[in-house]
Each structure stands twice: as structure tokens, then as C-alpha cells.
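Chemist: You'll find protein-v5.txt just under this line, and it carries compact mmCIF, C-alpha atoms.
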# COMPACT_ATOMS: atom_id res chain seq x y z
CA MET A 682 37.28 -3.20 18.36
CA PRO A 683 39.44 -0.25 17.25
CA ASP A 684 37.66 2.98 16.41
CA ASP A 685 38.52 3.60 12.76
CA ARG A 686 36.46 6.78 12.44
CA THR A 687 38.21 9.94 11.35
CA THR A 688 38.51 12.81 13.82
CA ARG A 689 35.88 14.68 11.82
CA ALA A 690 33.47 11.75 12.11
CA VAL A 691 34.08 11.45 15.86
CA ILE A 692 33.29 15.15 16.31
CA ARG A 693 30.16 14.80 14.17
CA ASP A 694 28.95 11.75 16.09
CA GLU A 695 29.49 13.37 19.48
CA ALA A 696 27.72 16.50 18.28
CA LEU A 697 24.82 14.31 17.13
CA ARG A 698 24.60 12.64 20.55
CA LEU A 699 24.73 15.95 22.44
CA PHE A 700 22.28 17.65 20.08
CA ALA A 701 19.85 14.76 20.50
CA GLU A 702 20.09 14.86 24.30
CA HIS A 703 20.06 18.60 24.91
CA GLY A 704 19.11 20.36 21.70
CA PRO A 705 21.52 22.06 19.29
CA ASP A 706 20.92 25.56 20.63
CA VAL A 707 22.27 24.91 24.13
CA VAL A 708 25.25 22.70 23.25
CA THR A 709 28.57 24.55 22.93
CA ILE A 710 31.60 23.87 20.79
CA ARG A 711 33.59 23.34 23.99
CA GLN A 712 31.18 20.62 25.15
CA ILE A 713 31.41 18.91 21.77
CA ALA A 714 35.20 19.09 21.84
CA THR A 715 35.33 17.61 25.35
CA ALA A 716 33.04 14.75 24.37
CA ALA A 717 35.13 14.06 21.26
CA GLY A 718 38.42 14.28 23.15
CA VAL A 719 39.77 17.13 21.04
CA SER A 720 40.36 20.85 21.47
CA PRO A 721 37.71 23.46 20.61
CA GLY A 722 40.15 24.84 18.05
CA LEU A 723 40.18 21.50 16.22
CA VAL A 724 36.37 21.51 16.04
CA VAL A 725 36.51 24.98 14.50
CA HIS A 726 39.32 23.83 12.18
CA HIS A 727 37.13 21.05 10.79
CA PHE A 728 33.74 22.80 10.70
CA ARG A 729 34.47 26.54 11.06
CA SER A 730 31.30 27.11 13.14
CA LYS A 731 28.65 25.28 15.16
CA ASP A 732 26.07 26.07 12.46
CA ASN A 733 28.20 24.30 9.86
CA LEU A 734 28.62 21.35 12.22
CA ARG A 735 24.87 21.20 12.77
CA GLN A 736 24.27 21.21 9.02
CA GLU A 737 26.67 18.31 8.61
CA VAL A 738 24.92 16.39 11.39
CA ASP A 739 21.58 17.04 9.66
CA GLN A 740 22.92 15.76 6.35
CA TYR A 741 24.40 12.69 8.02
CA VAL A 742 21.07 11.86 9.70
CA LEU A 743 19.26 12.36 6.40
CA ALA A 744 21.70 10.01 4.68
CA VAL A 745 21.23 7.33 7.36
CA PHE A 746 17.46 7.41 7.08
CA GLU A 747 17.65 7.52 3.29
CA GLY A 748 19.56 4.25 3.51
CA LEU A 749 16.92 2.74 5.81
CA LEU A 750 14.09 3.85 3.55
CA SER A 751 15.86 2.42 0.52
CA GLU A 752 15.47 -1.02 2.08
CA LEU A 753 11.71 -0.54 1.82
CA THR A 754 11.61 0.88 -1.69
CA GLY A 755 14.67 -0.64 -3.38
CA ASP A 756 14.96 -3.78 -5.46
CA GLY A 757 15.70 -5.83 -2.35
CA ALA A 758 12.54 -4.85 -0.48
CA GLU A 759 10.29 -7.63 0.69
CA THR A 760 7.09 -8.43 -1.16
CA PHE A 761 3.77 -7.93 0.54
CA GLU A 762 2.25 -11.39 0.62
CA GLU A 763 0.82 -10.69 4.09
CA PRO A 764 0.38 -6.95 3.74
CA ALA A 765 -0.21 -5.18 7.02
CA ALA A 766 1.77 -7.61 9.14
CA ALA A 767 4.62 -7.74 6.63
CA ARG A 768 4.75 -3.99 6.34
CA THR A 769 4.78 -3.42 10.09
CA ALA A 770 7.36 -6.13 10.71
CA THR A 771 9.60 -4.96 7.89
CA LEU A 772 9.71 -1.38 9.10
CA GLY A 773 10.18 -2.42 12.71
CA GLU A 774 12.93 -4.88 11.87
CA ILE A 775 14.80 -2.29 9.82
CA PHE A 776 14.71 0.22 12.68
CA LEU A 777 15.65 -2.44 15.21
CA ARG A 778 18.54 -3.77 13.12
CA HIS A 779 20.10 -0.39 12.38
CA LEU A 780 19.03 1.71 15.35
CA PRO A 781 19.38 -0.29 18.57
CA VAL A 782 18.26 0.96 21.94
CA GLY A 783 20.60 3.75 23.00
CA SER A 784 21.12 5.14 19.50
CA PRO A 785 20.94 8.95 19.47
CA LEU A 786 19.32 8.95 16.04
CA PRO A 787 15.68 8.60 17.23
CA GLY A 788 16.10 11.55 19.59
CA TYR A 789 17.74 13.63 16.89
CA LEU A 790 15.10 12.62 14.36
CA ARG A 791 12.39 13.75 16.79
CA ARG A 792 14.01 17.17 17.10
CA LEU A 793 14.66 17.38 13.37
CA LEU A 794 11.08 16.59 12.37
CA LEU A 795 9.73 19.19 14.80
CA SER A 796 12.21 21.85 13.72
CA ASN A 797 11.35 24.57 11.24
CA THR A 798 14.27 23.67 8.98
CA ASP A 799 14.71 22.58 5.39
CA ALA A 800 16.28 19.34 6.62
CA GLY A 801 13.29 18.52 8.83
CA ARG A 802 10.74 19.35 6.15
CA GLY A 803 12.71 17.45 3.52
CA LEU A 804 12.98 14.34 5.66
CA PHE A 805 9.26 14.31 6.39
CA ARG A 806 8.44 14.66 2.70
CA ARG A 807 10.76 11.73 1.96
CA LEU A 808 9.15 9.62 4.68
CA TYR A 809 5.71 10.51 3.35
CA ALA A 810 6.72 9.54 -0.19
CA VAL A 811 7.85 6.13 1.07
CA SER A 812 4.57 5.67 2.94
CA SER A 813 2.65 6.47 -0.25
CA GLN A 814 4.77 4.04 -2.27
CA THR A 815 4.20 1.33 0.31
CA LEU A 816 0.44 1.85 0.26
CA ASP A 817 0.47 1.72 -3.54
CA ALA A 818 2.45 -1.54 -3.47
CA LEU A 819 -0.03 -3.09 -1.04
CA ALA A 820 -2.98 -1.96 -3.16
CA GLU A 821 -1.44 -3.27 -6.39
CA ALA A 822 -0.90 -6.63 -4.70
CA GLY A 823 -4.58 -6.68 -3.77
CA ALA A 824 -3.66 -6.68 -0.10
CA ALA A 825 -4.95 -3.25 0.92
CA SER A 826 -7.16 -0.44 -0.24
CA ARG A 827 -5.95 3.05 -1.03
CA GLY A 828 -9.17 4.33 0.57
CA LYS A 829 -11.26 7.30 -0.45
CA ASP A 830 -8.37 9.66 0.23
CA PRO A 831 -5.03 7.89 -0.42
CA ALA A 832 -3.02 10.95 0.58
CA VAL A 833 -4.60 11.03 4.03
CA ARG A 834 -4.32 7.26 4.44
CA ALA A 835 -0.60 7.31 3.60
CA ALA A 836 -0.10 10.19 6.04
CA LEU A 837 -1.91 8.34 8.85
CA LEU A 838 0.14 5.20 8.26
CA LEU A 839 3.30 7.30 8.44
CA VAL A 840 2.20 9.00 11.65
CA ASN A 841 1.55 5.60 13.22
CA ASP A 842 4.98 4.29 12.23
CA LEU A 843 6.75 7.42 13.44
CA SER A 844 4.88 7.50 16.74
CA VAL A 845 6.05 4.00 17.67
CA PHE A 846 9.61 4.78 16.61
CA LEU A 847 9.92 8.21 18.20
CA LEU A 848 8.10 7.24 21.41
CA ARG A 849 9.91 3.93 21.69
CA ASP A 850 11.39 4.59 25.14
CA GLN A 851 8.11 5.89 26.55
CA LEU A 852 6.15 2.93 25.16
CA THR A 853 8.71 0.54 26.60
CA ALA A 854 8.24 2.12 30.02
CA VAL A 855 4.45 1.83 30.08
CA LEU A 856 4.10 -1.52 28.29
CA GLY A 857 7.08 -3.29 29.79
CA VAL A 858 8.30 -4.38 26.35
CA ASP A 859 10.27 -2.70 23.58
CA PRO A 860 7.66 -2.11 20.83
CA LEU A 861 10.28 -2.71 18.14
CA SER A 862 11.53 -5.97 19.59
CA ALA A 863 10.19 -9.31 18.38
CA ALA A 864 8.09 -9.61 21.54
CA GLY A 865 6.85 -6.04 21.19
CA LEU A 866 5.88 -6.45 17.54
CA ALA A 867 4.07 -9.68 18.40
CA ARG A 868 2.13 -7.87 21.10
CA LEU A 869 1.35 -4.66 19.24
CA GLY A 870 0.75 -6.23 15.83
CA PRO A 871 -2.58 -7.97 16.54
CA GLU A 872 -4.04 -4.86 18.20
CA LEU A 873 -2.88 -2.66 15.35
CA LEU A 874 -4.38 -4.98 12.74
CA THR A 875 -7.65 -5.19 14.68
CA ILE A 876 -7.92 -1.41 14.78
CA TYR A 877 -7.14 -1.15 11.07
CA ALA A 878 -9.67 -3.86 10.22
CA ALA A 879 -12.55 -3.04 12.57
CA GLY A 880 -11.86 0.36 14.05
CA LEU A 881 -12.58 1.09 17.70
CA ASN A 882 -16.20 -0.07 17.65
CA ALA A 883 -17.26 -1.80 20.84
CA ASP A 884 -18.28 -5.44 20.63
CA PRO A 885 -22.08 -5.79 20.42
CA PRO A 886 -23.71 -6.76 23.73
CA ALA A 887 -24.53 -10.42 24.19
CA PRO A 888 -28.22 -11.23 23.61
CA GLN A 889 -30.26 -11.69 26.79
CA ALA A 890 -32.49 -14.65 27.51
CA GLU A 891 -36.23 -14.22 27.97
CA GLY A 892 -37.26 -12.59 31.20
CA GLY A 893 -34.14 -10.44 31.32
CA GLN A 894 -31.85 -13.25 32.46
CA ALA A 895 -28.33 -13.06 31.05
So, in terms of C-alpha cells, how does the structure I just supplied come out?
Modeler:
Amino acid sequence: MPDDRTTRAVIRDEALRLFAEHGPDVVTIRQIATAAGVSPGLVVHHFRSKDNLRQEVDQYVLAVFEGLLSELTGDGAETFEEPAAARTATLGEIFLRHLPVGSPLPGYLRRLLLSNTDAGRGLFRRLYAVSSQTLDALAEAGAASRGKDPAVRAALLLVNDLSVFLLRDQLTAVLGVDPLSAAGLARLGPELLTIYAAGLNADPPAPQAEGGQA
């Protein structure tokens, strides 16, 4: 298929990929230009500086994730007839559909969330707001409890979702299955629901017969 992106978009996308792989601080304008197939002067012409380019990449990533989150909170979001399973599957399916394996966005998101920047802090607050809205929707449907501390519960649910997404490659390596694939969700889902429902309590020991015989 022909690449119908503008030159500016190509530069932005290559900068995103390089920033995600190596970190924005070590990537040079020349490296970005080479990856985009343009001259360094053209990068400067479009963005004036690497800082401006990084800000545009940040805003682009924020816009992408805003679109993903809108699928969970907008008018077209799924209802929560089977709450925990539906919620997990919906989030996983959205990530899987829009961010396939090999996408630089998870790597960039990881760096962005751990950065001391307005973009990173703003994105986390937005993600937390969505987690709170989701918990409220589940509670209003009678499918979940807000708990004694709804703010903490929403934060823990968010941390769980982000950990699977941001550690996707590492989980795939140790489990032998992509956690956001259909097979991965089917494997992780039951364990996740068991932990949510019963915690990590060990099963009670089986009663022994008289005389100490098992």
C-alpha cells in the first residue's frame, strides 16, 4: 500500500520509534533524518528543534491513547453484563486491535509515564480517571463494589492493566503466550478473576481420617 503520510508525519513517526527504542535524550536529529529518509535540515525546517519534535511526539501519543480510552468511556462502549471479564477483555481487545505487536507506542508510553513531564503526568491522570469511571460503571450495574477506598481500588485496577500492557513482551517471553491475544486473555483471565474474588489465600488442607491417615 502507498504511504500517504506527509513528510512531517513520517519524521514524527520515526522519531517516536527511535525515542521508544533508545530514549529521547540520546537520539539525534541526524538519526531521525536518516530513519525518515530526509535531510537533517528538513527536520529542523519542520520542527525547528528536537525539543519541539519531542513535544509533538508526546502530543501525538496522548491523542492516540485518548482515542483508545474514548472507546471505553464513549457512547459506543460496551455494557458490563459480565463485569470483570468484560472489562478485562474490552481493554485487552482495544489494545490488541490498535497496538499490534511491534508497535512503538507501548515502549514510548512506558518512557512517558515514567518521565517527569507534564505529558506523562497528564496521561496518567487521564488513565486514572478512566479507571475510576469504569469502576463506577461496574458498581452502578451491581457487578462490582467500589470498596472501602474507591480511589485506591481504581488505582490498583489501573496498575494491573498497565502492567500487562507495558510488560507485554516480557510476559510473552516467560508465559509463552501474548497476554493480550485471545489465548493469553483466556489463560490470564481466570487467574485474575480468582485473585480478585478470593485473594491469595491458600486452599484449606484436606481433613485427615482418624489415626492420622490421609
Chemist: Using all atoms listed in the file, give me every residue within 12 Å of (5.6, 7.6, 17.2) in file coordinates, as a list in words.
Modeler: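 Returned residue set, sorted by chain then number, is Gly773, Pro787, Gly788, Leu790, Arg791, Leu794, Leu837, Leu838, Leu839, Val840, Asn841, Asp842, Leu843, Ser844, Val845, Phe846, Leu847, Leu848, Arg849, Asp850, Gln851, Leu852, Pro860 and Leu861 of chain A.
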Chemist: Could you check the closest approach to Gln814 in chain A for each of A:Ile710, A:Leu795, A:Ala835, A:Leu743 and tell me which residue wins, using all atoms listed in the file?
Modeler: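 Closest candidate: A:Ala835.
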Chemist: With distances taken over only C-alpha atoms, which of A:Ser751, A:Asp739, A:Ala690, A:Lys829 is nearest to Thr798 in chain A?
Modeler: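 The shortest atom-to-atom distance to Thr798 in chain A comes from A:Asp739.
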Chemist: Kindly indicate which residue among A:Asp799, A:Asp694, A:Asp685, A:Asp830 lies nearest to Val742 in chain A, using only C-alpha atoms for the distances.
Modeler: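 Between A:Asp799, A:Asp694, A:Asp685, A:Asp830, the residue approaching Val742 in chain A most closely is A:Asp694.
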Chemist: Just checking: using all atoms listed in the file, which residue out of A:Val708, A:Ala714, A:Leu808, A:His703 ends up closest to Leu749 in chain A?
Modeler: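 The closest residue to Leu749 in chain A is A:Leu808.
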Chemist: One decimal, Å: what's the distance from CA of Leu866 in chain A over to CA of Thr853 in chain A, could you say?
Modeler: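 For CA of Leu866 in chain A relative to CA of Thr853 in chain A, the distance reads 11.8 Å.
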Chemist: Mind giving me the straight-line distance from CA of Ala854 in chain A to CA of Arg698 in chain A in Å, one decimal?
Modeler: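 A separation of 21.6 Å between them.
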Chemist: Complete the atom set of range 726-745 of chain A to N, CA, C and O atoms and return it as a PDB file, in the frame of the given file.
Modeler:
ATOM      1  N   HIS A 726      38.493  24.121  13.355  1.00  0.00           N
ATOM      2  CA  HIS A 726      39.320  23.830  12.180  1.00  0.00           C
ATOM      3  C   HIS A 726      38.561  22.963  11.183  1.00  0.00           C
ATOM      4  O   HIS A 726      38.617  23.192   9.963  1.00  0.00           O
ATOM      5  N   HIS A 727      37.839  21.967  11.680  1.00  0.00           N
ATOM      6  CA  HIS A 727      37.130  21.050  10.790  1.00  0.00           C
ATOM      7  C   HIS A 727      35.821  21.624  10.254  1.00  0.00           C
ATOM      8  O   HIS A 727      35.468  21.376   9.093  1.00  0.00           O
ATOM      9  N   PHE A 728      35.105  22.403  11.089  1.00  0.00           N
ATOM     10  CA  PHE A 728      33.740  22.800  10.700  1.00  0.00           C
ATOM     11  C   PHE A 728      33.532  24.312  10.621  1.00  0.00           C
ATOM     12  O   PHE A 728      32.477  24.744  10.153  1.00  0.00           O
ATOM     13  N   ARG A 729      34.487  25.089  11.123  1.00  0.00           N
ATOM     14  CA  ARG A 729      34.470  26.540  11.060  1.00  0.00           C
ATOM     15  C   ARG A 729      33.454  27.171  12.007  1.00  0.00           C
ATOM     16  O   ARG A 729      33.714  28.240  12.543  1.00  0.00           O
ATOM     17  N   SER A 730      32.288  26.552  12.221  1.00  0.00           N
ATOM     18  CA  SER A 730      31.300  27.110  13.140  1.00  0.00           C
ATOM     19  C   SER A 730      30.355  25.990  13.593  1.00  0.00           C
ATOM     20  O   SER A 730      30.281  24.926  12.966  1.00  0.00           O
ATOM     21  N   LYS A 731      29.615  26.262  14.676  1.00  0.00           N
ATOM     22  CA  LYS A 731      28.650  25.280  15.160  1.00  0.00           C
ATOM     23  C   LYS A 731      27.521  25.102  14.155  1.00  0.00           C
ATOM     24  O   LYS A 731      26.975  24.001  13.992  1.00  0.00           O
ATOM     25  N   ASP A 732      27.132  26.181  13.470  1.00  0.00           N
ATOM     26  CA  ASP A 732      26.070  26.070  12.460  1.00  0.00           C
ATOM     27  C   ASP A 732      26.473  25.109  11.350  1.00  0.00           C
ATOM     28  O   ASP A 732      25.663  24.293  10.889  1.00  0.00           O
ATOM     29  N   ASN A 733      27.730  25.221  10.904  1.00  0.00           N
ATOM     30  CA  ASN A 733      28.200  24.300   9.860  1.00  0.00           C
ATOM     31  C   ASN A 733      28.221  22.867  10.375  1.00  0.00           C
ATOM     32  O   ASN A 733      27.873  21.930   9.646  1.00  0.00           O
ATOM     33  N   LEU A 734      28.609  22.686  11.628  1.00  0.00           N
ATOM     34  CA  LEU A 734      28.620  21.350  12.220  1.00  0.00           C
ATOM     35  C   LEU A 734      27.195  20.804  12.298  1.00  0.00           C
ATOM     36  O   LEU A 734      26.949  19.631  11.983  1.00  0.00           O
ATOM     37  N   ARG A 735      26.262  21.645  12.699  1.00  0.00           N
ATOM     38  CA  ARG A 735      24.870  21.200  12.770  1.00  0.00           C
ATOM     39  C   ARG A 735      24.352  20.801  11.395  1.00  0.00           C
ATOM     40  O   ARG A 735      23.650  19.793  11.252  1.00  0.00           O
ATOM     41  N   GLN A 736      24.696  21.557  10.374  1.00  0.00           N
ATOM     42  CA  GLN A 736      24.270  21.210   9.020  1.00  0.00           C
ATOM     43  C   GLN A 736      24.839  19.862   8.598  1.00  0.00           C
ATOM     44  O   GLN A 736      24.150  19.058   7.949  1.00  0.00           O
ATOM     45  N   GLU A 737      26.086  19.596   8.974  1.00  0.00           N
ATOM     46  CA  GLU A 737      26.670  18.310   8.610  1.00  0.00           C
ATOM     47  C   GLU A 737      25.995  17.170   9.371  1.00  0.00           C
ATOM     48  O   GLU A 737      25.774  16.087   8.820  1.00  0.00           O
ATOM     49  N   VAL A 738      25.645  17.405  10.630  1.00  0.00           N
ATOM     50  CA  VAL A 738      24.920  16.390  11.390  1.00  0.00           C
ATOM     51  C   VAL A 738      23.560  16.129  10.727  1.00  0.00           C
ATOM     52  O   VAL A 738      23.139  14.974  10.570  1.00  0.00           O
ATOM     53  N   ASP A 739      22.869  17.194  10.337  1.00  0.00           N
ATOM     54  CA  ASP A 739      21.580  17.040   9.660  1.00  0.00           C
ATOM     55  C   ASP A 739      21.730  16.182   8.405  1.00  0.00           C
ATOM     56  O   ASP A 739      20.937  15.259   8.159  1.00  0.00           O
ATOM     57  N   GLN A 740      22.727  16.489   7.597  1.00  0.00           N
ATOM     58  CA  GLN A 740      22.920  15.760   6.350  1.00  0.00           C
ATOM     59  C   GLN A 740      23.283  14.301   6.619  1.00  0.00           C
ATOM     60  O   GLN A 740      22.865  13.402   5.884  1.00  0.00           O
ATOM     61  N   TYR A 741      24.042  14.068   7.653  1.00  0.00           N
ATOM     62  CA  TYR A 741      24.400  12.690   8.020  1.00  0.00           C
ATOM     63  C   TYR A 741      23.149  11.915   8.428  1.00  0.00           C
ATOM     64  O   TYR A 741      22.946  10.779   7.996  1.00  0.00           O
ATOM     65  N   VAL A 742      22.310  12.531   9.260  1.00  0.00           N
ATOM     66  CA  VAL A 742      21.070  11.860   9.700  1.00  0.00           C
ATOM     67  C   VAL A 742      20.172  11.594   8.499  1.00  0.00           C
ATOM     68  O   VAL A 742      19.582  10.515   8.374  1.00  0.00           O
ATOM     69  N   LEU A 743      20.059  12.563   7.601  1.00  0.00           N
ATOM     70  CA  LEU A 743      19.260  12.360   6.400  1.00  0.00           C
ATOM     71  C   LEU A 743      19.786  11.187   5.578  1.00  0.00           C
ATOM     72  O   LEU A 743      19.013  10.367   5.063  1.00  0.00           O
ATOM     73  N   ALA A 744      21.094  11.094   5.454  1.00  0.00           N
ATOM     74  CA  ALA A 744      21.700  10.010   4.680  1.00  0.00           C
ATOM     75  C   ALA A 744      21.430   8.654   5.329  1.00  0.00           C
ATOM     76  O   ALA A 744      21.152   7.663   4.640  1.00  0.00           O
ATOM     77  N   VAL A 745      21.502   8.601   6.656  1.00  0.00           N
ATOM     78  CA  VAL A 745      21.230   7.330   7.360  1.00  0.00           C
ATOM     79  C   VAL A 745      19.802   6.889   7.107  1.00  0.00           C
ATOM     80  O   VAL A 745      19.545   5.729   6.761  1.00  0.00           O
TER      81      VAL A 745
END
